[in-house]
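Have a look at data-v7.csv; it's CSV, C-alpha atoms:
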```csv
chain,number,residue,atom,x,y,z
A,1,MET,CA,102.9,37.3,145.9
A,2,PRO,CA,103.6,41.1,146.3
A,3,ALA,CA,104.3,42.0,149.9
A,4,ALA,CA,101.4,44.4,150.0
A,5,GLU,CA,99.0,41.5,149.5
A,6,ILE,CA,100.2,39.5,152.5
A,7,LEU,CA,97.9,40.1,155.4
A,8,VAL,CA,100.0,40.0,158.5
A,9,SER,CA,97.9,40.2,161.6
A,10,GLN,CA,98.6,42.8,164.4
A,11,GLU,CA,96.4,41.0,166.9
A,12,PRO,CA,98.4,39.7,169.9
A,13,ALA,CA,96.5,36.4,169.9
A,14,ASP,CA,97.2,35.8,166.2
A,15,ARG,CA,100.8,36.9,166.5
A,16,LEU,CA,101.5,34.6,169.4
A,17,ALA,CA,99.8,31.7,167.7
A,18,ALA,CA,101.9,32.4,164.7
A,19,VAL,CA,105.1,32.1,166.8
A,20,ALA,CA,103.9,28.7,168.0
A,21,ALA,CA,103.0,27.6,164.5
A,22,LEU,CA,106.3,28.8,163.1
A,23,ARG,CA,108.2,26.8,165.8
A,24,ARG,CA,106.3,23.7,164.8
A,25,LEU,CA,106.9,24.4,161.1
A,26,ALA,CA,110.6,24.9,161.8
A,27,ASP,CA,110.7,21.5,163.6
A,28,GLN,CA,109.0,19.8,160.6
A,29,LEU,CA,111.4,21.4,158.1
A,30,GLU,CA,114.3,20.3,160.3
A,31,ASP,CA,113.1,16.7,160.5
A,32,ASP,CA,112.6,16.6,156.7
A,33,ALA,CA,115.9,18.3,155.8
A,34,VAL,CA,118.0,16.2,158.2
A,35,GLU,CA,116.4,13.0,156.9
A,36,GLN,CA,117.1,14.1,153.3
A,37,ALA,CA,120.7,15.0,154.1
A,38,MET,CA,121.3,11.7,156.0
A,39,ARG,CA,119.8,9.7,153.2
A,40,ALA,CA,122.1,11.5,150.8
A,41,GLY,CA,125.1,10.4,152.9
A,42,TRP,CA,125.9,13.5,154.9
A,43,SER,CA,127.6,12.9,158.3
A,44,TRP,CA,126.4,14.1,161.7
A,45,PRO,CA,129.1,16.8,161.9
A,46,GLN,CA,128.2,18.2,158.5
A,47,VAL,CA,124.5,18.3,159.4
A,48,ALA,CA,125.2,19.9,162.8
A,49,GLU,CA,127.5,22.5,161.3
A,50,ALA,CA,124.9,23.4,158.6
A,51,LEU,CA,122.2,23.8,161.3
A,52,GLY,CA,124.5,25.7,163.6
A,53,VAL,CA,124.2,23.2,166.5
A,54,THR,CA,126.4,20.6,168.1
A,55,ARG,CA,126.6,17.2,166.6
A,56,GLN,CA,125.6,15.7,170.0
A,57,ALA,CA,122.4,17.8,169.8
A,58,VAL,CA,121.5,16.8,166.3
A,59,HIS,CA,122.3,13.2,167.0
A,60,LYS,CA,120.2,13.1,170.2
A,61,LYS,CA,117.3,14.8,168.4
A,62,HIS,CA,117.2,12.8,165.2
A,63,ALA,CA,119.1,9.5,165.5
A,64,LYS,CA,116.3,7.2,166.9
A,65,ARG,CA,113.7,8.6,164.5
A,66,LEU,CA,116.0,8.1,161.4
A,67,ILE,CA,116.9,4.6,162.5
A,68,ALA,CA,113.2,3.8,162.9
A,69,ALA,CA,112.6,5.2,159.4
A,70,GLY,CA,115.2,2.8,158.0
A,71,VAL,CA,117.8,5.4,157.1
A,72,THR,CA,121.4,4.1,156.9
A,73,LEU,CA,123.5,6.4,159.1
A,74,ARG,CA,127.2,7.2,158.7
A,75,ARG,CA,129.4,7.0,161.7
A,76,ARG,CA,129.4,10.1,164.0
B,1,MET,CA,91.8,1.1,190.0
B,2,ALA,CA,88.7,3.3,189.9
B,3,ALA,CA,87.0,3.7,186.5
B,4,ILE,CA,88.0,7.3,186.3
B,5,ASP,CA,91.7,6.4,186.8
B,6,HIS,CA,91.4,3.9,184.1
B,7,TYR,CA,89.8,6.5,181.8
B,8,ILE,CA,92.5,9.1,182.6
B,9,ASN,CA,95.3,6.6,181.9
B,10,THR,CA,93.6,5.6,178.6
B,11,ILE,CA,93.3,9.2,177.5
B,12,ILE,CA,96.9,10.1,178.4
B,13,ASP,CA,98.1,6.9,176.7
B,14,GLN,CA,96.1,7.6,173.5
B,15,GLY,CA,97.2,11.3,173.7
B,16,GLY,CA,100.8,10.0,173.6
B,17,HIS,CA,99.9,8.1,170.5
B,18,GLU,CA,98.3,11.2,168.9
B,19,ALA,CA,101.4,13.2,169.7
B,20,GLN,CA,103.6,10.5,168.2
B,21,GLN,CA,101.6,10.6,165.0
B,22,ASP,CA,102.0,14.3,165.0
B,23,GLY,CA,105.8,14.1,165.3
B,24,SER,CA,105.5,16.0,168.6
B,25,THR,CA,107.9,15.4,171.5
B,26,SER,CA,105.3,16.2,174.1
B,27,VAL,CA,101.6,15.5,174.7
B,28,GLU,CA,99.6,18.8,174.3
B,29,ALA,CA,95.9,19.6,175.1
B,30,HIS,CA,94.9,19.1,171.5
B,31,HIS,CA,96.3,15.6,171.6
B,32,LEU,CA,94.2,14.8,174.7
B,33,LEU,CA,91.1,16.2,172.8
B,34,LEU,CA,91.9,13.8,169.9
B,35,ALA,CA,92.2,11.0,172.4
B,36,ILE,CA,88.8,11.8,173.9
B,37,ALA,CA,87.3,11.8,170.5
B,38,ALA,CA,88.8,8.3,169.8
B,39,GLU,CA,87.1,6.8,172.9
B,40,ARG,CA,83.7,6.0,171.4
B,41,GLU,CA,82.2,4.3,174.5
B,42,THR,CA,81.9,7.5,176.6
B,43,GLY,CA,79.4,10.3,176.9
B,44,THR,CA,82.1,12.8,176.1
B,45,TYR,CA,82.5,11.3,172.7
B,46,GLN,CA,78.7,11.8,172.1
B,47,VAL,CA,78.9,15.4,173.3
B,48,LEU,CA,81.7,16.1,170.8
B,49,THR,CA,79.9,14.5,167.9
B,50,SER,CA,76.8,16.4,168.8
B,51,VAL,CA,78.6,19.6,167.6
B,52,GLY,CA,80.1,17.8,164.6
B,53,LEU,CA,83.5,17.0,166.3
B,54,ASP,CA,84.5,13.5,165.5
B,55,HIS,CA,88.2,12.5,165.4
B,56,GLN,CA,88.7,13.4,161.8
B,57,ALA,CA,86.8,16.8,162.2
B,58,ILE,CA,89.1,17.7,165.1
B,59,ARG,CA,92.2,16.7,163.1
B,60,ASP,CA,91.0,18.8,160.2
B,61,ALA,CA,90.3,21.8,162.5
B,62,LEU,CA,93.8,21.5,163.9
B,63,ASP,CA,95.4,21.4,160.5
B,64,LYS,CA,93.3,24.5,159.6
B,65,GLU,CA,94.5,26.3,162.8
B,66,PHE,CA,98.1,25.5,161.9
B,67,GLU,CA,97.7,27.0,158.4
B,68,HIS,CA,95.7,30.0,159.7
B,69,SER,CA,98.3,30.8,162.4
B,70,LEU,CA,101.1,30.6,160.0
B,71,GLY,CA,99.1,33.0,157.8
B,72,ALA,CA,99.1,35.5,160.6
B,73,ALA,CA,102.8,35.8,160.1
B,74,GLY,CA,102.5,36.0,156.3
B,75,VAL,CA,103.6,32.4,155.8
B,76,SER,CA,101.8,30.1,153.5
B,77,LEU,CA,102.1,26.4,154.3
B,78,ALA,CA,101.5,25.6,150.6
B,79,THR,CA,104.9,27.1,149.8
B,80,PHE,CA,106.7,24.3,151.7
B,81,ALA,CA,105.0,21.2,150.2
B,82,LEU,CA,106.1,19.3,153.3
B,83,PRO,CA,105.2,15.6,153.7
B,84,ARG,CA,103.1,14.7,156.7
B,85,PRO,CA,105.6,14.7,159.6
B,86,SER,CA,107.1,11.3,160.2
B,87,SER,CA,106.1,9.8,163.6
B,88,ALA,CA,108.4,10.4,166.5
B,89,ALA,CA,110.5,7.3,167.2
B,90,GLU,CA,109.1,6.9,170.7
B,91,ARG,CA,105.7,7.6,172.1
B,92,PRO,CA,106.0,10.8,174.1
B,93,THR,CA,105.1,10.5,177.7
B,94,GLN,CA,105.9,14.1,178.8
B,95,MET,CA,102.9,16.4,179.2
B,96,GLY,CA,103.3,19.8,177.5
B,97,ALA,CA,102.3,23.0,179.1
B,98,SER,CA,98.8,23.1,177.5
B,99,ALA,CA,98.0,19.5,178.6
B,100,LYS,CA,99.1,20.2,182.2
B,101,LEU,CA,96.9,23.2,182.3
B,102,ALA,CA,93.9,21.3,180.8
B,103,LEU,CA,94.3,18.5,183.3
B,104,GLU,CA,94.7,20.9,186.2
B,105,ARG,CA,91.5,22.7,185.1
B,106,GLY,CA,89.7,19.4,184.8
B,107,PHE,CA,90.8,18.2,188.2
B,108,ALA,CA,89.9,21.6,189.8
B,109,SER,CA,86.3,21.3,188.6
B,110,VAL,CA,85.6,18.9,191.5
B,111,SER,CA,86.3,19.2,195.2
B,112,ARG,CA,86.5,15.5,195.8
B,113,LYS,CA,88.3,13.2,193.5
B,114,LYS,CA,85.5,10.6,193.6
B,115,ASP,CA,83.3,13.1,191.8
B,116,LEU,CA,85.6,13.3,188.8
B,117,ARG,CA,84.1,12.2,185.5
B,118,PRO,CA,85.4,12.0,182.0
B,119,ALA,CA,83.3,15.1,181.2
B,120,HIS,CA,85.5,17.1,183.7
B,121,LEU,CA,88.6,16.2,181.7
B,122,LEU,CA,86.9,17.4,178.5
B,123,LEU,CA,85.8,20.5,180.2
B,124,GLY,CA,89.4,21.3,181.3
B,125,ILE,CA,90.5,21.1,177.7
B,126,VAL,CA,87.6,23.0,176.2
B,127,ARG,CA,87.6,25.8,178.8
B,128,ALA,CA,90.9,27.2,177.5
B,129,GLN,CA,90.5,30.7,176.2
B,130,LEU,CA,93.9,30.8,174.4
B,131,GLY,CA,96.0,28.4,172.5
B,132,THR,CA,95.5,25.8,169.8
B,133,VAL,CA,92.3,24.2,171.0
B,134,PRO,CA,90.0,27.3,171.2
B,135,ARG,CA,91.4,28.6,167.9
B,136,ALA,CA,90.8,25.3,166.2
B,137,LEU,CA,87.3,25.1,167.6
B,138,ALA,CA,86.5,28.6,166.4
B,139,LEU,CA,87.8,27.8,162.9
B,140,ALA,CA,85.6,24.7,162.9
B,141,GLY,CA,82.6,26.9,163.6
B,142,VAL,CA,82.0,25.4,167.0
B,143,ASP,CA,80.5,27.7,169.7
B,144,GLN,CA,82.8,27.1,172.6
B,145,ALA,CA,80.3,28.3,175.2
B,146,ASP,CA,77.5,26.1,173.8
B,147,LEU,CA,79.9,23.1,173.9
B,148,MET,CA,80.7,23.8,177.5
B,149,VAL,CA,77.0,23.9,178.4
B,150,ARG,CA,76.5,20.5,176.6
B,151,ILE,CA,79.4,19.0,178.6
B,152,LEU,CA,78.0,20.3,181.9
B,153,ASP,CA,74.6,18.9,181.0
B,154,THR,CA,76.1,15.4,181.0
B,155,LEU,CA,77.2,15.7,184.6
B,156,PRO,CA,74.9,14.3,187.3
B,157,ASP,CA,74.3,17.5,189.4
B,158,ASN,CA,75.7,19.9,186.9
B,159,ASP,CA,77.5,21.4,189.9
B,160,GLU,CA,81.0,21.2,188.5
```

Please go through the file and, once you have read it, give me the structure as structure tokens.
Amino acid sequence: MPAAEILVSQEPADRLAAVAALRRLADQLEDDAVEQAMRAGWSWPQVAEALGVTRQAVHKKHAKRLIAAGVTLRRR
Amino acid sequence: MAAIDHYINTIIDQGGHEAQQDGSTSVEAHHLLLAIAAERETGTYQVLTSVGLDHQAIRDALDKEFEHSLGAAGVSLATFALPRPSSAAERPTQMGASAKLALERGFASVSRKKDLRPAHLLLGIVRAQLGTVPRALALAGVDQADLMVRILDTLPDNDE
């Protein structure tokens, strides 16, 4: 879509709601991408480096969910 | 345990379930609203359905609000083709900022705790002027002021 056709709101309420929605979308994208990478055999340090966070952070955030989803995880 | 305590526990517990389904790490006001809509035995459920808000209609309105809000930043959800978020591994118990505000507003509606009714809880959620809930209600075509009047009408003395 050409940039001129994208209607970006200038209303504060819309712009602030957009920030909240983008954070939620980023979380969903992260959940999906991390799960895909771990299913493909990536290690925690690789995923952490790609995301730009510590491996402890990525492990803490995703390990339980991925184990519950039946993903086989490589050692940290 | 008083009936209202039992009701509050049920709504918070069900709100946690809704948050988990959403992949959310905390319980937010819209999760409490979904929880109230899931409790079919209460008058609050009937008030919600009287304006067309059953559980599915609220869920649809929230999805619409998400898409609409992303649109305000020029982002189309359709571009991402994301699967529905996988559930959080554990049921969240932590209240998010919007849920805390909603509960505070609900509790502040009465001067004595013994006067607290399920309708006050719903009122606390619906009274928000900013955030996900009022935006979703507006997108669903619900008149927020009318809904608040309907909720107040269910209270014995209508004295808040």

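The coordinates place CA of Pro118 in chain B at 6.8 Å from CA of Thr44 in chain B.
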
Using all atoms listed in the file, find the residues of chain B whose closest atom to chain A is at most 9 Å away, then write them as a list in words.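 That gives Gly23, Ser24, Glu65, Phe66, Glu67, His68, Ser69, Leu70, Gly71, Ala72, Ala73, Gly74, Val75, Leu77, Phe80, Leu82, Pro83, Arg84, Pro85, Ser86, Ser87, Ala88, Ala89, Glu90, Leu130, Gly131, Thr132 and Arg135 of chain B for chain B.
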
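You will find CA of Gln20 in chain B at 22.1 Å from CA of Arg39 in chain A.
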
Would you mind telling me which residue in B:Ala57, B:Ala2, B:Ala78, B:Ala97 lies nearest to Glu28 in chain B when using all atoms listed in the file? B:Ala97

Two-atom distance - CA of Thr93 in chain B, CA of Gly16 in chain B (Å):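 Spanning CA of Thr93 in chain B to CA of Gly16 in chain B is a straight-line distance of 6.0 Å.
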
Do you know which residues are at most 8 Å from Ile4 in chain B counting all atoms listed in the file, after dropping those on the same chain fewer than 4 positions away, and could you put them as a ChimeraX atom specification? /B:8,116-118

Quick one: residues within 7 Å of range 136-143 of chain B, all atoms listed in the file, excluding same-chain residues fewer than 2 positions away - as a compact mmCIF listing (two decimals) with C-alpha atoms, keeping the file's coordinate frame?
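After the write, part-v5.txt holds the following:
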```txt
# COMPACT_ATOMS: atom_id res chain seq x y z
CA VAL B 51 78.60 19.60 167.60
CA ALA B 61 90.30 21.80 162.50
CA LEU B 62 93.80 21.50 163.90
CA GLU B 65 94.50 26.30 162.80
CA THR B 132 95.50 25.80 169.80
CA VAL B 133 92.30 24.20 171.00
CA PRO B 134 90.00 27.30 171.20
CA ALA B 145 80.30 28.30 175.20
CA ASP B 146 77.50 26.10 173.80
CA LEU B 147 79.90 23.10 173.90
```

I'd like the contact shell of Ile36 in chain B - 9 Å cut-off, all atoms listed in the file, skipping same-chain residues fewer than 2 positions apart - returned as a list in words.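 Those residues are Ile11, Gln14, Gly15, His31, Leu32, Leu33, Leu34, Ala38, Glu39, Arg40, Thr42, Thr44, Tyr45, Leu48, His55, Pro118, Leu121 and Leu122 of chain B.
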
Can you write out the residues you just picked, keeping C-alpha atoms, as a JSON list (two decimals), in the coordinates of the input?
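Now in out-v2.json:
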```json
[["chain", "number", "residue", "atom", "x", "y", "z"],
["B", 11, "ILE", "CA", 93.30, 9.20, 177.50],
["B", 14, "GLN", "CA", 96.10, 7.60, 173.50],
["B", 15, "GLY", "CA", 97.20, 11.30, 173.70],
["B", 31, "HIS", "CA", 96.30, 15.60, 171.60],
["B", 32, "LEU", "CA", 94.20, 14.80, 174.70],
["B", 33, "LEU", "CA", 91.10, 16.20, 172.80],
["B", 34, "LEU", "CA", 91.90, 13.80, 169.90],
["B", 38, "ALA", "CA", 88.80, 8.30, 169.80],
["B", 39, "GLU", "CA", 87.10, 6.80, 172.90],
["B", 40, "ARG", "CA", 83.70, 6.00, 171.40],
["B", 42, "THR", "CA", 81.90, 7.50, 176.60],
["B", 44, "THR", "CA", 82.10, 12.80, 176.10],
["B", 45, "TYR", "CA", 82.50, 11.30, 172.70],
["B", 48, "LEU", "CA", 81.70, 16.10, 170.80],
["B", 55, "HIS", "CA", 88.20, 12.50, 165.40],
["B", 118, "PRO", "CA", 85.40, 12.00, 182.00],
["B", 121, "LEU", "CA", 88.60, 16.20, 181.70],
["B", 122, "LEU", "CA", 86.90, 17.40, 178.50]]
```

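With all atoms listed in the file as the atoms that count, the minimum distance from His120 in chain B to the choices B:Met1, B:Ser50, B:Thr79, B:Gly106 is reached by B:Gly106.
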